Structures are given as structure tokens and as C-alpha cells.
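To keep things clear, I will list the structure first and then write my remarks on it.
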Amino acid sequence: MKRIAAFVLSAILLSVLPLPSSDAQQIQVSSKLNPQIEKIVSEISAKNIEDIIRKLVSFGTRHTLSTQDDPKRGIGAAARWIKSEMDRYSQESGGRLQVANDEFIQPVTPRFPRETKLINIVATLPGTQAESKDRIYVVSGHYDSICSPFSDTECDAPGASDDASGTAAVMEMARVMSKYQFDATIVFMTVPGEEQGLLGAHHWAEEAKKKGLNIAAMFTNDIIGNTLGGNGVRDNRRVRLFSEGVPTTETEAEARARQSVGGENDGPSRQLARYIKEVGERYLNNFEVTLVYRRDRYGRGGDHNAFLQQGFPAVRFTEPNEDFTRQHQRVREENGIKYGDVFEMVDPAYVAQVARINAIAMASMALAPAPPSGVRFKTGRQEYDTTVAWQPNKEPDVAGYRIVWRETYQPFWLRSIEVGNVAEYVMKSLSKDDYFFAVQAVDKDGNASVTSFPRSGQGRR
Ligand SMILES: [Zn+2]
């Protein structure tokens with residue numbers, strides 16, 4: 001009831017107030033909640049996440065070049081334990097979650113001194129709708145850790161926030177979500193070699209590209225555990241979400257078209273980031289997803305880069321205030337300062353909130369139809385209305401389409417209209433010269449796809 005009232009109120013405000021520009025005033029394009037997603041949110045457990053992080057820390061080091069044979073210490077023991085836990089989730093799901101080791105031999109690189117077997121642990125929950133099961137969503141964390149100097153494969157590297165936190169979020173999502181059904185396929189992945197050049201992620205993303213897999217989105221969760229920053233700020237109410245605006249794989253022709261009509265702020269990864277914020281905050285109303293309009297922090301990278309390089313939309317979650325005396329450090333105390341990425345710095349309740357945001361967005365996308373393809377403006381001629389057109393979706397449960405729009409200078413979609421089950425629509429008195437438009441497909445239960453932005457160059461004279 002409260003929600004309906006708020007929605008009506010926001011609709012009224014929308015019609016009489018100037019359009020908002022700040023983050024806090026982002027308008028939600030739908031108020032509908034899916035009961036299945038609400039259950040998933042309630043089942044993600046901070047206690048389970050705490051237990052997983054403690055266990056991962058207990059392996060002493062998870063350096064990618066550490067021992068693979070010791071039963072208790074090193075990356076081999078950690079990988080076997082993650083696999084056994086994922087196998088248990090698979091059993092609990094009645095075998096629907098399919099767990100496999102993606103093993104490969106990593107050759108020597110400037111940052112990786114000896115040929116070594118690496119293992120991505122990959123748990124796949126196949127989609128249940130024929131038209132959607134080839135559409136794949138990937139959520140990942142890296143289970144390797146590192147201390148300084150980076151070449152030391154023996155020193156304690158607890159890697160509690162970097163990145164036992166992300167690994168735990170992915171594992172808890174796999175446990176909870178594998179008890180439910182989704183139209184599209186979800187892959188829960190934990191990877192090694194991130195610290196030596198995103199090795200595990202590169203291998204899997206390259207193979208996916210070679211196999212022609214449709215990776216519709218990828219999230220990496222990397223450093224999502226620490227709520228007290230090195231700057232003294234404590235913040236457990238938000239997470240940063242990094243996304244690139246212009247695609248890494250943009251071609252020269254696409255660049256020329258974009259330079260003509262704009263869209264620097266509207267690449268597929270940016271659409272994905274806006275979607276995560278919109279659906280995530282709709283379910284977790286005491287938590288903010290702070291969008292950062294860049295690929296990653298200065299001089300830093302993450303496993304999403306490996307997917308961006310293959311042309312797949314990908315984003316990165318990271319805590320709001322990092323503590324650099326903790327990351328990649330040898331565990332020690334020096335001049336009264338504690339160094340090392342130890343468990344005590346991690347806030348499991350916070351990690352659970354970030355896992356919930358991930359799960360909400362993953363579930364929303366995997367329940368929804370695919371984003372409409374072929375979105376374009378019907379004509380490039382000068383005119384006072386805008387005709388938006390797209391290819392009809394194939395899924396049998398599509399109920400219709402939603403067009404969203406905003407002024408070109410706004411950071412978020414601010415207005416929306418449900419246009420019914422059609423393949424084109426005339427936006428009266430709105431010129432494509434002055435607004436950005438995008439289209440979502442919506443199913444009978446109200447599950448909406450990520451927004452599709454008109455391809456650069458379409459509608460250009
Ligand atoms: Zn990391």
C-alpha cells in the first residue's frame with residue numbers, strides 16, 4: 001500500500017516539478033516487486049558469508065603460485081574446498097546447479113614466472129525457457145590472494161576483503177538462487193590468477209567468445225568486505241559500481257557514428273549499471289548503489305576487464321572506502337599501524353547486502369526477456385516527433401515494451417511509458433535531437449529487461 005502511494009506520488013511530482021538531477025532523486029521506472037526475488041533477498045545469510053570468508057582465510061595463502069598439494073594450506077586446498085561446497089549446493093538444488101572445474105595450463109607471462117595449472121570453479125544454473133536458456137549471466141569473484149612482495153608465494157595472504165568477500169558473495173548467491181528457476185542461465189564463478197593479470201577470467205572469457213556464447217552481462221565482486229576506509233570513514237550503506245561508457249571493443253565506424261550523435265554515456269555496460277542501481281534500490285531501500293562512470297579505479301583493474309575485451313558488457317562492485325594499508329600487504333604491525341587483509345576488517349553483514357544487490361539484478365535479468373534488439377530511430381530526417389522501432393522479442397511471455405528517456409545531460413533514465421506489444425512507437429513532440437531514448441522488454445509478471453540503446457549511427461542523416 002505504502003509502495004503504491006509512493007509510486008502515485010512520484011508520478012504526480014514528476015508531472016509538476018522540474019526534473020531532478022541528483023543521484024538521490026533518481027526516479028524508479030517501476031514499483032513492482034517480484035515475490036521470488038524478495039525471497040532470495042531474505043535467504044542470503046550474513047552468517048554463511050562470514051563462515052565462508054573465515055574458511056578461505058584459514059588456508060593461510062591463496063597465492064596462485066602457492067602449493068596445490070597441501071591438504072590445509074595454499075590455493076589447491078582452497079580450490080578443493082570451494083568445489084566441495086558448490087557440489088553440496090548442487091545436491092541441495094536436486095542437481096540443477098551444474099558444478100565443474102575449468103582447468104587449464106597458464107603459460108609464463110611477465111607477471112607469471114612459471115607454467116602452472118589454474119582452476120576456475122564454475123557453477124551453472126541452466127535457464128528453463130527454450131528461447132532464453134542460451135542467454136547467460138555471469139557473476140564472479142576471485143579466490144586467489146597476494147601479499148608483498150608479490151613474488152612471495154609462501155607469506156600469509158589472508159585476502160579477506162580482496163577477495164574472499166567477493167568469492168563468499170558468489171558462493172552464497174549460488175546456494176540460494178539454485179533453489180529457484182530462471183528463464184535465462186546464470187553462471188556463478190570463482191577464479192584464480194586475478195592478481196597476476198586476470199588469468200582465470202581471461203581464459204574463461206576467451207573460451208566463451210570462441211564458443212560463441214551469448215554472455216549478456218558479467219559482474220565482478222572484488223573488495224566488497226570493508227566498511228571502514230583508510231580515510232577514517234565508516235559506510236555500510238552503499239557500494240560503488242564501476243562501468244565504462246564507451247565500449248572497449250568499439251570499432252572505428254561505431255566511434256564515428258557516436259561522435260556524430262552522442263552516446264558516450266550509454267554503452268551496454270553503462271546501461272547495465274543503471275539497471276542494477278534501479279532494480280537493486282527498489283528491493284533494498286536502505287542501501288545505495290553509487291554509480292562510478294569509469295571502468296575502474298585509477299591504475300587498478302579487475303576481472304570485468306577480461307570480459308569487456310571480448311565485447312561482453314561487464315561491471316565491477318567495490319566497497320565505498322578502501323583501506324590501502326590492508327590490501328596486498330604482509331600481515332604485520334609497523335609504527336603502530338596494522339597491515340594485512342585480515343578477517344577482522346571484514347563486515348559480513350555488509351558483504352551480504354552487496355550479495356543481495358547482485359542477486360536482485362541477476363534474478364531480474366534472468367527472469368526477464370532479452371533486451372530488445374535492433375533498436376533504432378525510424379527516420380533520420382528532421383521532424384518534431386521521434387519514432388522508435390525495434391525487433392519483436394521471441395519469448396512467449398513477453399507482454400510488451402517500455403520506452404525510457406531523459407535529457408542528454410541527465411545521468412539516469414527519468415521518464416518511462418508502457419507502449420504495449422508493438423515494434424515501433426511515436427514519441428509525440430519529443431525530438432531525438434534533445435533526448436536519449438532506450439527500450440526495455442517486459443514480461444507478463446512485470447520482469448523488465450536491461451535497456452537497449454539505439455545503435456550508434458542509426459537515425460543519422
Ligand atoms: Zn582483487
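Ordering of the C-alpha cells sets the chain letters (A, B, ...); residue numbers start at 1 within each chain; ligands are numbered from 1 in the order shown.
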
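Once Arg300 (chain A) and its same-chain neighbours fewer than 3 positions away are set aside, Glu194, Glu195, Gly197, Leu198, Asp222, Phe242, Arg294, Arg295, Asp296, Arg297, Asp303, His304, Asn305, Arg316 and Thr318 of chain A remain within 12 Å of it when counting only C-alpha atoms.
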
Within 9 Å of Val419 (chain A), counting only C-alpha atoms, which residues qualify if same-chain residues fewer than 5 places away don't, as JSON, numbers by chain? {"A": [400, 401, 402, 403, 424, 425]}

Output C-alpha atoms of each residue in that selection to a file, as a PDB file, in the first residue's frame.
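Okay, result.pdb is ready:
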ATOM      1  CA  GLY A 400       5.071  -5.507 -24.143  1.00  0.00           C
ATOM      2  CA  TYR A 401       7.725  -2.825 -24.209  1.00  0.00           C
ATOM      3  CA  ARG A 402       8.672   0.214 -22.184  1.00  0.00           C
ATOM      4  CA  ILE A 403      10.393   3.274 -23.625  1.00  0.00           C
ATOM      5  CA  GLU A 424       7.512   0.788 -33.010  1.00  0.00           C
ATOM      6  CA  TYR A 425       6.110   3.814 -31.269  1.00  0.00           C
TER       7      TYR A 425
END

Compute the set of protein, DNA and RNA residues whose minimum atom distance to ligand 1 is at most 12 Å, using only C-alpha atoms and all ligand atoms, and state it as a ChimeraX atom specification. /A:63,140-147,159-167,190-198,220-225,296-297,300-304,316-319,322,326-328,341

Just the residues within 10 Å of Val375 (chain A), please, counting only C-alpha atoms, with nothing from its chain fewer than 2 positions along; format it as a PyMOL selection string. chain A and resi 371-373+377-378+388-392+423-424+437-440+452-455+458

As number ranges by chain, please: all residues of region 69-157 of chain A that backbone DSSP puts in strand (DSSP E). A: 98-106, 116-125, 135-142

Find the spatial neighbours of region 114-116 of chain A, counting only C-alpha atoms, within a cut-off of 8 Å - ignore same-chain residues fewer than 3 positions away - and output them as number ranges by chain. A: 65, 105-108

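Distances from A:Lys32, A:Gly299, A:Pro149, A:Ser178 to Val442 (chain A) were compared using only C-alpha atoms, and the smallest one belongs to A:Lys32.
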
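Per DSSP on the backbone, alpha helix (DSSP H) in region 299-347 of chain A comprises His304, Asn305, Ala306, Phe307 and Leu308 of chain A.
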
Using all heavy atoms, can you write the selected residues to a file as a PDB file, in the first residue's frame?
ATOM      1  N   HIS A 304      36.349  -7.949 -14.662  1.00  0.00           N
ATOM      2  CA  HIS A 304      35.405  -7.451 -15.684  1.00  0.00           C
ATOM      3  C   HIS A 304      36.143  -7.011 -16.949  1.00  0.00           C
ATOM      4  O   HIS A 304      35.599  -7.116 -18.040  1.00  0.00           O
ATOM      5  CB  HIS A 304      34.522  -6.329 -15.118  1.00  0.00           C
ATOM      6  CG  HIS A 304      35.273  -5.134 -14.618  1.00  0.00           C
ATOM      7  ND1 HIS A 304      36.379  -5.204 -13.813  1.00  0.00           N
ATOM      8  CD2 HIS A 304      35.066  -3.804 -14.817  1.00  0.00           C
ATOM      9  CE1 HIS A 304      36.805  -3.994 -13.543  1.00  0.00           C
ATOM     10  NE2 HIS A 304      36.022  -3.121 -14.134  1.00  0.00           N
ATOM     11  N   ASN A 305      37.401  -6.525 -16.788  1.00  0.00           N
ATOM     12  CA  ASN A 305      38.170  -6.105 -17.977  1.00  0.00           C
ATOM     13  C   ASN A 305      38.309  -7.245 -18.977  1.00  0.00           C
ATOM     14  O   ASN A 305      38.272  -7.027 -20.197  1.00  0.00           O
ATOM     15  CB  ASN A 305      39.575  -5.648 -17.572  1.00  0.00           C
ATOM     16  CG  ASN A 305      39.563  -4.370 -16.759  1.00  0.00           C
ATOM     17  OD1 ASN A 305      38.500  -3.939 -16.307  1.00  0.00           O
ATOM     18  ND2 ASN A 305      40.713  -3.780 -16.554  1.00  0.00           N
ATOM     19  N   ALA A 306      38.509  -8.477 -18.452  1.00  0.00           N
ATOM     20  CA  ALA A 306      38.691  -9.635 -19.336  1.00  0.00           C
ATOM     21  C   ALA A 306      37.451  -9.853 -20.199  1.00  0.00           C
ATOM     22  O   ALA A 306      37.543 -10.247 -21.366  1.00  0.00           O
ATOM     23  CB  ALA A 306      38.988 -10.878 -18.506  1.00  0.00           C
ATOM     24  N   PHE A 307      36.274  -9.579 -19.644  1.00  0.00           N
ATOM     25  CA  PHE A 307      35.018  -9.750 -20.392  1.00  0.00           C
ATOM     26  C   PHE A 307      34.791  -8.584 -21.351  1.00  0.00           C
ATOM     27  O   PHE A 307      34.341  -8.771 -22.485  1.00  0.00           O
ATOM     28  CB  PHE A 307      33.849  -9.917 -19.419  1.00  0.00           C
ATOM     29  CG  PHE A 307      33.812 -11.280 -18.789  1.00  0.00           C
ATOM     30  CD1 PHE A 307      34.732 -11.652 -17.817  1.00  0.00           C
ATOM     31  CD2 PHE A 307      32.875 -12.224 -19.191  1.00  0.00           C
ATOM     32  CE1 PHE A 307      34.741 -12.919 -17.259  1.00  0.00           C
ATOM     33  CE2 PHE A 307      32.865 -13.506 -18.645  1.00  0.00           C
ATOM     34  CZ  PHE A 307      33.795 -13.849 -17.673  1.00  0.00           C
ATOM     35  N   LEU A 308      35.127  -7.365 -20.907  1.00  0.00           N
ATOM     36  CA  LEU A 308      34.990  -6.197 -21.785  1.00  0.00           C
ATOM     37  C   LEU A 308      35.838  -6.362 -23.034  1.00  0.00           C
ATOM     38  O   LEU A 308      35.422  -5.986 -24.134  1.00  0.00           O
ATOM     39  CB  LEU A 308      35.412  -4.924 -21.032  1.00  0.00           C
ATOM     40  CG  LEU A 308      34.505  -4.517 -19.865  1.00  0.00           C
ATOM     41  CD1 LEU A 308      35.153  -3.392 -19.063  1.00  0.00           C
ATOM     42  CD2 LEU A 308      33.127  -4.099 -20.360  1.00  0.00           C
TER      43      LEU A 308
END

Which residues come within 12 Å of region 253-263 of chain A, counting only C-alpha atoms, excluding same-chain residues fewer than 4 positions away, as a PyMOL selection string? chain A and resi 244-249+267-268+270-271+377+380+408-409+411+432-438+453-461

Tell me, as a list of chain:residue names, which residues lie within 8 Å of Ser66 (chain A), counting only C-alpha atoms; anything in the same chain fewer than 3 positions away does not count. A:Thr61, A:Arg62, A:His63, A:Gly74, A:Ile75, A:Gly76, A:Thr153, A:Glu154

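Neighbours of Tyr350 (chain A) closer than or equal to 9 Å, with only C-alpha atoms counted and sequence neighbours fewer than 6 positions away skipped, come out as Ala46, Ile224, Gly225, Asn226, Thr227, Asn236, Arg237 and Arg238 of chain A.
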
Can you write just those residues out, N, CA, C and O atoms, as a CSV table (one decimal), in the first residue's frame?
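For reference, selection22.csv as written:
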chain,number,residue,atom,x,y,z
A,46,ALA,N,24.2,-13.5,6.2
A,46,ALA,CA,25.5,-12.9,6.6
A,46,ALA,C,26.3,-13.9,7.3
A,46,ALA,O,27.5,-13.9,7.2
A,224,ILE,N,34.8,-6.2,-1.5
A,224,ILE,CA,33.4,-5.8,-1.1
A,224,ILE,C,33.2,-6.0,0.4
A,224,ILE,O,32.0,-6.2,0.8
A,225,GLY,N,34.3,-6.1,1.2
A,225,GLY,CA,34.1,-6.5,2.6
A,225,GLY,C,34.3,-5.5,3.7
A,225,GLY,O,33.9,-5.7,4.8
A,226,ASN,N,35.0,-4.4,3.3
A,226,ASN,CA,35.5,-3.5,4.4
A,226,ASN,C,34.6,-2.2,4.4
A,226,ASN,O,34.5,-1.5,3.4
A,227,THR,N,34.1,-1.9,5.6
A,227,THR,CA,33.2,-0.7,5.7
A,227,THR,C,33.9,0.4,6.4
A,227,THR,O,33.4,1.5,6.6
A,236,ASN,N,28.4,1.7,5.6
A,236,ASN,CA,27.9,0.3,5.3
A,236,ASN,C,26.6,0.4,4.5
A,236,ASN,O,25.9,-0.5,4.5
A,237,ARG,N,26.3,1.6,4.0
A,237,ARG,CA,25.0,1.8,3.3
A,237,ARG,C,25.1,1.9,1.8
A,237,ARG,O,24.2,2.3,1.1
A,238,ARG,N,26.3,1.7,1.2
A,238,ARG,CA,26.4,1.8,-0.2
A,238,ARG,C,27.5,1.0,-0.8
A,238,ARG,O,28.4,0.6,0.0
